[in-house]
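Source file: model.tsv (TSV, C-alpha atoms)
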chain	number	residue	atom	x	y	z
R	784	MET	CA	21.61	53.79	28.72
R	785	GLN	CA	18.62	52.54	30.68
R	786	GLN	CA	16.28	54.57	28.48
R	787	LEU	CA	17.90	53.18	25.36
R	788	LYS	CA	17.43	49.58	26.59
R	789	ASN	CA	13.75	50.25	27.28
R	790	ARG	CA	13.25	51.66	23.79
R	791	SER	CA	14.80	48.55	22.17
R	792	ARG	CA	12.54	46.09	24.02
R	793	PRO	CA	9.44	46.49	21.72
R	794	HIS	CA	11.65	45.77	18.70
R	795	ASN	CA	12.94	42.57	20.36
R	796	LEU	CA	9.40	41.48	21.24
R	797	PHE	CA	8.27	42.11	17.65
R	798	ALA	CA	11.17	40.07	16.28
R	799	ALA	CA	10.37	37.17	18.61
R	800	LEU	CA	6.69	37.30	17.66
R	801	LEU	CA	7.57	37.35	13.96
R	802	ALA	CA	9.90	34.35	14.38
R	803	SER	CA	7.13	32.44	16.18
R	804	LEU	CA	4.67	33.18	13.38
R	805	VAL	CA	7.17	32.00	10.75
R	806	THR	CA	7.73	28.76	12.71
R	807	LEU	CA	3.97	28.22	13.05
R	808	ALA	CA	3.46	28.79	9.33
R	809	ALA	CA	6.19	26.25	8.53
R	810	LEU	CA	4.59	23.67	10.84
R	811	ILE	CA	1.19	24.19	9.21
R	812	ALA	CA	2.69	23.86	5.73
R	813	ALA	CA	4.49	20.64	6.73
R	814	ALA	CA	1.40	19.05	8.31
R	815	PRO	CA	-0.04	16.20	6.23
R	816	ALA	CA	-3.14	17.14	4.29
R	817	SER	CA	-6.37	15.42	5.27
R	818	HIS	CA	-9.77	15.35	3.70
R	819	ALA	CA	-13.28	14.58	4.79
R	820	ASP	CA	-14.44	11.00	4.36
R	821	THR	CA	-16.04	10.31	0.98
R	822	THR	CA	-19.13	8.13	0.54
R	823	ILE	CA	-19.51	6.17	-2.70
R	824	CYS	CA	-22.80	4.47	-3.58
R	825	GLU	CA	-22.41	4.15	-7.35
R	826	PRO	CA	-21.96	0.45	-8.21
R	827	PHE	CA	-18.54	0.99	-9.79
R	828	GLY	CA	-17.66	4.34	-8.24
R	829	THR	CA	-14.01	4.97	-7.32
R	830	THR	CA	-11.75	7.51	-5.67
R	831	THR	CA	-8.05	7.71	-4.78
R	832	ILE	CA	-6.34	7.88	-1.39
R	833	GLN	CA	-2.81	8.96	-0.44
R	834	GLY	CA	-2.27	9.91	-4.08
R	835	ARG	CA	-1.35	6.31	-4.91
R	836	TYR	CA	-4.21	3.84	-4.35
R	837	VAL	CA	-7.71	3.44	-5.83
R	838	VAL	CA	-10.71	2.53	-3.67
R	839	GLN	CA	-13.68	1.01	-5.50
R	840	ASN	CA	-17.24	0.16	-4.46
R	841	ASN	CA	-17.32	-2.63	-7.07
R	842	ARG	CA	-20.92	-3.85	-6.54
R	843	TRP	CA	-21.47	-6.27	-9.40
R	844	GLY	CA	-23.41	-9.31	-8.14
R	845	THR	CA	-26.66	-7.71	-6.97
R	846	SER	CA	-28.92	-4.74	-7.62
R	847	ALA	CA	-29.28	-4.06	-3.89
R	848	ALA	CA	-27.73	-0.87	-2.55
R	849	GLN	CA	-24.14	-0.80	-1.32
R	850	CYS	CA	-22.23	2.24	-0.09
R	851	ILE	CA	-18.67	2.57	1.17
R	852	THR	CA	-17.14	5.37	3.22
R	853	VAL	CA	-13.57	6.07	2.11
R	854	THR	CA	-11.05	7.32	4.68
R	855	ASP	CA	-7.46	8.53	4.34
R	856	SER	CA	-6.18	5.01	5.06
R	857	GLY	CA	-8.87	2.68	3.66
R	858	PHE	CA	-12.64	2.27	3.67
R	859	ARG	CA	-15.58	0.76	5.52
R	860	ILE	CA	-18.83	-0.63	4.17
R	861	ALA	CA	-21.53	1.82	5.26
R	862	GLN	CA	-24.51	0.06	3.68
R	863	ALA	CA	-24.82	-3.48	2.34
R	864	ASP	CA	-28.40	-4.39	1.51
R	865	GLY	CA	-29.68	-7.73	0.29
R	866	SER	CA	-28.15	-11.18	0.10
R	867	VAL	CA	-27.23	-13.82	-2.47
R	868	PRO	CA	-27.00	-17.64	-2.16
R	869	THR	CA	-23.82	-18.77	-0.42
R	870	ASN	CA	-23.23	-21.53	-2.98
R	871	GLY	CA	-22.68	-18.94	-5.72
R	872	ALA	CA	-20.73	-15.76	-6.34
R	873	PRO	CA	-20.66	-12.93	-3.75
R	874	LYS	CA	-22.53	-9.63	-4.04
R	875	SER	CA	-19.48	-7.47	-4.60
R	876	TYR	CA	-15.83	-6.87	-3.92
R	877	PRO	CA	-15.36	-3.41	-2.37
R	878	SER	CA	-11.60	-3.00	-2.27
R	879	VAL	CA	-8.51	-0.84	-2.41
R	880	TYR	CA	-5.76	-1.55	-4.92
R	881	ASN	CA	-2.39	-0.74	-6.42
R	882	GLY	CA	-2.18	-1.39	-10.17
R	883	CYS	CA	-4.75	-1.49	-12.95
R	884	HIS	CA	-8.38	-2.65	-12.87
R	885	TYR	CA	-10.50	-2.41	-16.02
R	886	THR	CA	-8.31	0.42	-17.42
R	887	ASN	CA	-8.37	2.37	-14.14
R	888	CYS	CA	-4.74	2.47	-12.97
R	889	SER	CA	-3.67	3.81	-9.59
R	890	PRO	CA	-1.50	6.97	-9.66
R	891	GLY	CA	2.22	6.36	-10.17
R	892	THR	CA	1.93	2.58	-10.14
R	893	ASN	CA	4.75	0.33	-11.43
R	894	LEU	CA	2.18	-2.21	-12.61
R	895	PRO	CA	1.85	-4.12	-14.84
R	896	ALA	CA	5.36	-5.47	-14.20
R	897	ARG	CA	6.94	-8.71	-15.40
R	898	LEU	CA	7.33	-11.17	-12.52
R	899	SER	CA	10.98	-11.79	-13.38
R	900	SER	CA	11.66	-8.04	-13.06
R	901	ILE	CA	10.29	-7.71	-9.53
R	902	ALA	CA	12.78	-7.85	-6.65
R	903	ASN	CA	10.05	-7.83	-4.01
R	904	ALA	CA	6.57	-6.46	-3.45
R	905	PRO	CA	6.08	-5.65	0.24
R	906	THR	CA	2.54	-4.99	1.36
R	907	GLY	CA	0.54	-4.49	4.53
R	908	ILE	CA	-3.15	-4.80	5.32
R	909	SER	CA	-5.34	-4.36	8.40
R	910	TYR	CA	-8.97	-5.48	8.58
R	911	SER	CA	-11.83	-4.78	10.97
R	912	TYR	CA	-14.53	-7.48	11.17
R	913	VAL	CA	-18.17	-7.55	12.26
R	914	SER	CA	-20.72	-10.17	13.29
R	915	GLY	CA	-24.07	-10.81	11.64
R	916	ALA	CA	-22.69	-11.10	8.11
R	917	VAL	CA	-21.52	-13.79	5.69
R	918	TYR	CA	-18.32	-12.82	3.88
R	919	ASP	CA	-14.65	-13.41	3.25
R	920	ALA	CA	-11.84	-10.90	3.71
R	921	ALA	CA	-9.68	-11.41	0.65
R	922	TYR	CA	-6.41	-10.08	-0.74
R	923	ASP	CA	-6.34	-10.52	-4.55
R	924	ILE	CA	-3.23	-10.84	-6.72
R	925	TRP	CA	-3.82	-10.74	-10.50
R	926	LEU	CA	-1.46	-12.27	-13.08
R	927	ASP	CA	-1.58	-12.34	-16.88
R	928	PRO	CA	0.69	-13.40	-19.77
R	929	THR	CA	0.42	-9.85	-21.17
R	930	PRO	CA	0.77	-6.41	-19.51
R	931	ARG	CA	-2.94	-5.78	-19.86
R	932	THR	CA	-4.69	-3.04	-17.95
R	933	ASP	CA	-8.25	-4.01	-18.91
R	934	GLY	CA	-10.59	-6.95	-18.43
R	935	VAL	CA	-10.04	-10.22	-16.61
R	936	ASN	CA	-6.55	-11.63	-16.11
R	937	ARG	CA	-5.64	-15.28	-16.65
R	938	THR	CA	-4.88	-16.16	-13.01
R	939	GLU	CA	-6.27	-14.81	-9.74
R	940	ILE	CA	-4.55	-15.55	-6.44
R	941	MET	CA	-6.80	-15.06	-3.41
R	942	ILE	CA	-5.57	-14.89	0.18
R	943	TRP	CA	-8.51	-15.40	2.55
R	944	PHE	CA	-7.65	-13.61	5.79
R	945	ASN	CA	-11.05	-14.53	7.25
R	946	ARG	CA	-14.29	-16.25	6.26
R	947	VAL	CA	-17.59	-16.23	8.09
R	948	GLY	CA	-20.52	-18.46	7.13
R	949	SER	CA	-20.90	-21.36	4.71
R	950	VAL	CA	-18.79	-19.91	1.89
R	951	GLN	CA	-15.77	-21.42	0.19
R	952	PRO	CA	-13.25	-20.56	-2.52
R	953	VAL	CA	-13.61	-21.48	-6.18
R	954	GLY	CA	-12.71	-25.09	-6.97
R	955	SER	CA	-11.72	-27.68	-4.39
R	956	PRO	CA	-9.05	-28.24	-1.72
R	957	VAL	CA	-5.70	-29.45	-3.07
R	958	GLY	CA	-3.73	-29.69	0.16
R	959	SER	CA	-1.92	-27.29	2.45
R	960	ALA	CA	1.19	-25.14	2.18
R	961	THR	CA	3.42	-22.88	4.23
R	962	VAL	CA	3.76	-19.52	2.46
R	963	ALA	CA	5.42	-16.41	3.88
R	964	GLY	CA	5.79	-18.16	7.23
R	965	ARG	CA	2.10	-19.07	7.63
R	966	GLN	CA	0.16	-22.28	7.14
R	967	TRP	CA	-2.67	-22.24	4.57
R	968	GLU	CA	-5.35	-24.51	3.19
R	969	VAL	CA	-4.95	-24.39	-0.61
R	970	TRP	CA	-7.83	-24.47	-3.11
R	971	SER	CA	-7.61	-24.48	-6.90
R	972	GLY	CA	-10.23	-24.15	-9.64
R	973	ASN	CA	-11.66	-22.05	-12.46
R	974	ASN	CA	-14.66	-19.71	-12.27
R	975	GLY	CA	-15.37	-19.81	-16.00
R	976	SER	CA	-13.33	-16.68	-16.71
R	977	ASN	CA	-9.97	-17.31	-15.04
R	978	ASP	CA	-8.00	-19.75	-12.93
R	979	VAL	CA	-8.23	-19.17	-9.18
R	980	LEU	CA	-5.62	-20.25	-6.62
R	981	SER	CA	-6.78	-19.59	-3.04
R	982	PHE	CA	-4.92	-19.68	0.27
R	983	VAL	CA	-7.30	-19.89	3.25
R	984	ALA	CA	-6.14	-19.01	6.76
R	985	PRO	CA	-7.14	-21.56	9.43
R	986	SER	CA	-8.20	-18.69	11.72
R	987	ALA	CA	-8.88	-15.00	11.22
R	988	ILE	CA	-5.92	-12.68	10.56
R	989	ASP	CA	-6.54	-9.06	11.57
R	990	SER	CA	-3.40	-7.55	10.04
R	991	TRP	CA	-0.25	-8.74	8.32
R	992	ASN	CA	2.79	-7.51	6.39
R	993	PHE	CA	4.12	-9.84	3.69
R	994	ASP	CA	5.69	-10.08	0.23
R	995	VAL	CA	3.23	-10.54	-2.64
R	996	MET	CA	5.93	-12.37	-4.59
R	997	ASP	CA	5.84	-15.30	-2.16
R	998	PHE	CA	2.33	-16.08	-3.41
R	999	ALA	CA	3.11	-15.27	-7.06
R	1000	ARG	CA	5.90	-17.86	-6.92
R	1001	GLN	CA	3.37	-20.40	-5.63
R	1002	ALA	CA	1.28	-19.84	-8.76
R	1003	VAL	CA	4.37	-20.34	-10.93
R	1004	SER	CA	5.39	-23.51	-9.12
R	1005	ARG	CA	1.87	-24.94	-9.57
R	1006	GLY	CA	1.80	-24.22	-13.30
R	1007	LEU	CA	-0.76	-21.41	-13.07
R	1008	ALA	CA	1.68	-18.67	-14.15
R	1009	GLN	CA	5.17	-18.23	-15.59
R	1010	ASP	CA	8.07	-15.95	-14.71
R	1011	ASN	CA	7.54	-13.97	-17.93
R	1012	TRP	CA	3.92	-13.20	-16.96
R	1013	TYR	CA	2.90	-9.86	-15.49
R	1014	LEU	CA	1.65	-8.78	-12.09
R	1015	THR	CA	-1.15	-6.35	-13.00
R	1016	SER	CA	-2.71	-5.42	-9.64
R	1017	VAL	CA	-2.94	-6.24	-5.95
R	1018	GLN	CA	-6.22	-5.62	-4.16
R	1019	ALA	CA	-7.60	-5.96	-0.62
R	1020	GLY	CA	-11.24	-5.95	0.42
R	1021	PHE	CA	-14.30	-8.05	1.20
R	1022	GLU	CA	-16.61	-10.40	-0.67
R	1023	PRO	CA	-19.97	-10.23	1.17
R	1024	TRP	CA	-22.83	-12.67	0.53
R	1025	GLN	CA	-25.14	-11.43	3.30
R	1026	ASN	CA	-25.09	-7.99	4.96
R	1027	GLY	CA	-21.57	-6.65	5.58
R	1028	ALA	CA	-22.11	-3.15	6.94
R	1029	GLY	CA	-19.24	-2.17	9.22
R	1030	LEU	CA	-16.56	-4.31	7.59
R	1031	ALA	CA	-13.48	-2.16	7.05
R	1032	VAL	CA	-9.99	-2.05	5.60
R	1033	THR	CA	-8.32	0.20	8.15
R	1034	SER	CA	-4.94	0.41	6.41
R	1035	PHE	CA	-3.38	-0.72	3.14
R	1036	SER	CA	0.09	-0.37	1.65
R	1037	SER	CA	1.68	-1.81	-1.47
R	1038	THR	CA	5.08	-1.25	-3.08
R	1039	VAL	CA	6.53	-3.06	-6.10
R	1040	ASN	CA	10.32	-2.87	-6.19
R	1041	LEU	CA	11.80	-3.62	-9.60
R	1042	GLY	CA	15.27	-5.03	-10.19
R	1043	GLY	CA	14.69	-8.77	-9.99
R	1044	GLY	CA	15.77	-9.48	-13.58
R	1045	THR	CA	15.14	-8.42	-17.16
R	1046	GLY	CA	11.95	-6.91	-18.39
R	1047	GLY	CA	9.98	-4.09	-16.88
R	1048	GLY	CA	6.60	-2.65	-16.28
R	1049	THR	CA	4.53	0.19	-17.51
R	1050	GLY	CA	3.89	3.24	-15.43
R	1051	GLY	CA	6.97	3.79	-13.29
R	1052	GLY	CA	7.88	7.12	-11.74
R	1053	THR	CA	8.97	10.38	-13.21
R	1054	GLY	CA	12.61	11.15	-13.81
R	1055	GLY	CA	15.48	8.87	-14.74
R	1056	SER	CA	15.45	5.12	-14.31
R	1057	SER	CA	19.05	5.02	-13.18
R	1058	ALA	CA	20.60	2.79	-10.54
R	1059	CYS	CA	20.72	3.98	-6.95
R	1060	LYS	CA	22.22	3.28	-3.55
R	1061	VAL	CA	20.69	4.06	-0.16
R	1062	ALA	CA	22.48	4.56	3.15
R	1063	TYR	CA	20.07	4.30	6.09
R	1064	GLY	CA	21.56	5.27	9.45
R	1065	THR	CA	19.56	5.21	12.68
R	1066	ASN	CA	19.76	6.38	16.27
R	1067	VAL	CA	17.40	4.27	18.39
R	1068	TRP	CA	16.12	4.60	21.93
R	1069	GLN	CA	13.24	2.98	23.78
R	1070	GLY	CA	10.08	3.74	21.77
R	1071	GLY	CA	11.70	6.24	19.41
R	1072	PHE	CA	14.33	6.69	16.72
R	1073	THR	CA	15.75	8.99	14.09
R	1074	ALA	CA	16.77	7.93	10.58
R	1075	ASP	CA	19.31	9.69	8.35
R	1076	VAL	CA	18.92	8.66	4.72
R	1077	THR	CA	21.34	9.35	1.86
R	1078	VAL	CA	20.30	8.47	-1.69
R	1079	THR	CA	23.04	8.24	-4.33
R	1080	ASN	CA	22.28	8.27	-8.05
R	1081	THR	CA	24.78	5.72	-9.41
R	1082	GLY	CA	23.44	6.00	-12.95
R	1083	SER	CA	24.41	8.19	-15.88
R	1084	SER	CA	21.17	10.24	-16.07
R	1085	PRO	CA	19.68	12.74	-13.61
R	1086	VAL	CA	16.73	11.62	-11.48
R	1087	ASP	CA	14.18	14.42	-11.47
R	1088	ALA	CA	11.22	14.70	-9.06
R	1089	TRP	CA	12.71	11.80	-7.11
R	1090	LYS	CA	10.52	9.55	-5.00
R	1091	LEU	CA	12.07	7.03	-2.62
R	1092	ARG	CA	9.67	4.27	-1.60
R	1093	PHE	CA	10.17	1.87	1.28
R	1094	THR	CA	8.06	0.04	3.84
R	1095	LEU	CA	8.44	0.82	7.52
R	1096	PRO	CA	8.34	-2.37	9.62
R	1097	ALA	CA	5.15	-3.02	11.61
R	1098	GLY	CA	4.79	-0.74	14.63
R	1099	GLN	CA	6.93	2.10	13.22
R	1100	ARG	CA	5.54	5.56	12.39
R	1101	VAL	CA	6.99	8.86	11.21
R	1102	THR	CA	6.36	11.86	13.48
R	1103	SER	CA	8.42	14.54	11.71
R	1104	ALA	CA	10.79	14.86	8.75
R	1105	TRP	CA	13.34	17.25	7.30
R	1106	SER	CA	14.62	17.89	3.76
R	1107	ALA	CA	11.86	15.65	2.34
R	1108	GLU	CA	8.12	15.16	2.43
R	1109	ILE	CA	7.09	11.70	3.68
R	1110	SER	CA	3.63	10.18	3.45
R	1111	PRO	CA	1.80	8.30	4.81
R	1112	SER	CA	3.21	8.07	8.33
R	1113	SER	CA	3.41	4.25	8.45
R	1114	GLY	CA	3.44	1.17	6.25
R	1115	ALA	CA	4.56	1.68	2.66
R	1116	VAL	CA	5.80	5.29	2.60
R	1117	THR	CA	7.11	7.63	-0.08
R	1118	ALA	CA	9.76	10.29	0.54
R	1119	GLY	CA	9.94	13.06	-2.04
R	1120	GLY	CA	12.30	15.95	-2.53
R	1121	MET	CA	11.66	19.59	-1.73
R	1122	ALA	CA	11.90	22.40	-4.29
R	1123	TYR	CA	15.60	22.88	-3.54
R	1124	ASN	CA	16.62	19.18	-3.76
R	1125	ALA	CA	14.11	17.70	-6.23
R	1126	SER	CA	16.78	16.45	-8.69
R	1127	ILE	CA	19.72	14.09	-8.17
R	1128	ALA	CA	22.54	14.53	-10.69
R	1129	PRO	CA	24.48	11.50	-12.01
R	1130	GLY	CA	26.86	10.50	-9.24
R	1131	GLY	CA	25.16	12.97	-6.92
R	1132	GLN	CA	23.47	12.52	-3.57
R	1133	VAL	CA	20.53	13.85	-1.61
R	1134	SER	CA	20.05	13.46	2.13
R	1135	PHE	CA	17.00	13.70	4.35
R	1136	GLY	CA	15.88	12.41	7.70
R	1137	PHE	CA	12.95	11.78	9.96
R	1138	GLN	CA	12.03	11.07	13.54
R	1139	GLY	CA	9.64	8.33	14.51
R	1140	GLY	CA	8.24	6.05	17.16
R	1141	TYR	CA	7.96	2.28	17.31
R	1142	ASP	CA	6.40	-0.57	19.23
R	1143	GLY	CA	8.03	-3.95	19.82
R	1144	ALA	CA	11.44	-4.76	18.36
R	1145	PHE	CA	13.12	-2.20	16.13
R	1146	ALA	CA	14.04	-3.15	12.54
R	1147	ARG	CA	15.19	-1.42	9.36
R	1148	PRO	CA	13.22	-1.32	6.09
R	1149	ALA	CA	13.97	-4.35	3.93
R	1150	ALA	CA	14.17	-2.62	0.54
R	1151	PHE	CA	14.16	0.77	-1.21
R	1152	SER	CA	13.20	1.87	-4.72
R	1153	LEU	CA	13.89	5.20	-6.43
R	1154	ASN	CA	11.30	6.22	-9.02
R	1155	GLY	CA	10.41	2.56	-9.53
R	1156	THR	CA	13.99	1.19	-9.63
R	1157	SER	CA	15.26	-1.05	-6.85
R	1158	CYS	CA	18.23	0.38	-4.92
R	1159	THR	CA	21.18	-1.33	-3.30
R	1160	THR	CA	21.89	-0.53	0.36
R	1161	ALA	CA	25.16	0.73	1.73
This structure in structure tokens:
Amino acid sequence: MQQLKNRSRPHNLFAALLASLVTLAALIAAAPASHADTTICEPFGTTTIQGRYVVQNNRWGTSAAQCITVTDSGFRIAQADGSVPTNGAPKSYPSVYNGCHYTNCSPGTNLPARLSSIANAPTGISYSYVSGAVYDAAYDIWLDPTPRTDGVNRTEIMIWFNRVGSVQPVGSPVGSATVAGRQWEVWSGNNGSNDVLSFVAPSAIDSWNFDVMDFARQAVSRGLAQDNWYLTSVQAGFEPWQNGAGLAVTSFSSTVNLGGGTGGGTGGGTGGSSACKVAYGTNVWQGGFTADVTVTNTGSSPVDAWKLRFTLPAGQRVTSAWSAEISPSSGAVTAGGMAYNASIAPGGQVSFGFQGGYDGAFARPAAFSLNGTSCTTA
């Protein structure tokens, strides 16, 4: 018997080694893909990140060289030669966006979408600033009476997170307002091509999560848009007048959840546009949590190649997931089905989960959308 046990040991060792290799291969396959940083120097050169946003160099106000280095989560200005007078237009607007800009639409976007059809549009942005430059850090929201994907829209909303130097928004000050829980100096004017409504922060904001619709409603209430107009794109970047190398958008997220009323957008996701319900259960401990998510298709058509989009509250990050692929790891994330659970039949369900970490107080995501359709929560 002892001899027989000794003869079986190599087989057991081989089986254990094989199991370890299979586990390692699964971990490698599940690891998020990354790519080397991309440098863009062409005046209107673009690329995509995270499979859902477009980053653009957008150098239009000068012939001086400008280059941006695009990362997985944003971009930084690598070279910004020359300067233009501070009482005129800036040199450029290097930026990242969700939506459509001069016929270039970001992958899988829900935009353009009628304002009255949008339940909410959560977004997050983080900036990195430098000294020795004159610029503003601006978040742009574009509105138009038609669902256009080209040219200049009728109304531009600008949120100035920071301004350095003797630069100011288009038009003139028209008072102050509290929007999305913050106080702003409000400017209004026209640049010769479109109306511009600007909200200027009294001091620099490094990062912030907010709802784009809070600012869109301001434009409606001030007569610069209507509920039947369309949100065509949201963009975040910098307008430099002098220098600007080193300025960076370190993270950007944008989700547009439909279901606010009648009317819809173009784009959307693949699969059915049926109604949905999401159950989001959590187990939370200090600094960590798990989430168990069940998505129910309450419509009458199957939802194929399902994508569930939601925004993780600030400070939360995904560290691992099961029964779904989730990317990116923080901010506005998308969970997608695996080969074996990629379709949800009418009345059917799919479940997945993930583990994560968090800083500060723990909170649940505010809203969910399935292939572009807003979901109710159980």
So how many Å separate CA of Leu926 in chain R and CA of Val983 in chain R, to one decimal?
->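 Interatomic distance here is 18.9 Å.
Shortest atom-to-atom contact with Val838 in chain R among R:Gln966, R:Asn887, R:Thr938, R:Asn903: R:Asn887, counting only C-alpha atoms.
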Would you mind telling me which residue in R:Trp925, R:Val995, R:Gly954, R:Val1017 lies nearest to Gly882 in chain R when using only C-alpha atoms?
->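 Ranking R:Trp925, R:Val995, R:Gly954, R:Val1017 by distance to Gly882 in chain R, first place goes to R:Val1017.
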Sphere at (10.2, 14.8, -6.1), radius 6 Å, counting only C-alpha atoms: residues as a compact mmCIF listing (two decimals) with C-alpha atoms, keeping the file's coordinate frame:
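So the final result, stored in selection_20.txt, reads:
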# COMPACT_ATOMS: atom_id res chain seq x y z
CA ALA R 1088 11.22 14.70 -9.06
CA TRP R 1089 12.71 11.80 -7.11
CA LYS R 1090 10.52 9.55 -5.00
CA GLY R 1119 9.94 13.06 -2.04
CA GLY R 1120 12.30 15.95 -2.53
CA ALA R 1125 14.11 17.70 -6.23
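Residues within 10 Å of Pro873 in chain R, counting all atoms listed in the file and excluding same-chain residues fewer than 4 positions away, are Arg842, Trp843, Gly844, Thr845, Ser866, Val867, Pro868, Thr869, Val917, Tyr918, Asp919, Val950, Phe1021, Glu1022, Pro1023, Trp1024 and Gln1025 of chain R.
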For Gly1042 in chain R, which residue out of R:Ala920, R:Ala963, R:Phe1151, R:Gly857 is the nearest one, using only C-alpha atoms?
-> R:Phe1151
Axis-aligned box over every listed atom of range 844-860 of chain R, padded by 6 Å per side: centre and edges in Å to one decimal, as JSON?
{"center_x": -17.7, "center_y": -0.4, "center_z": -1.3, "size_x": 35.1, "size_y": 29.8, "size_z": 25.7}
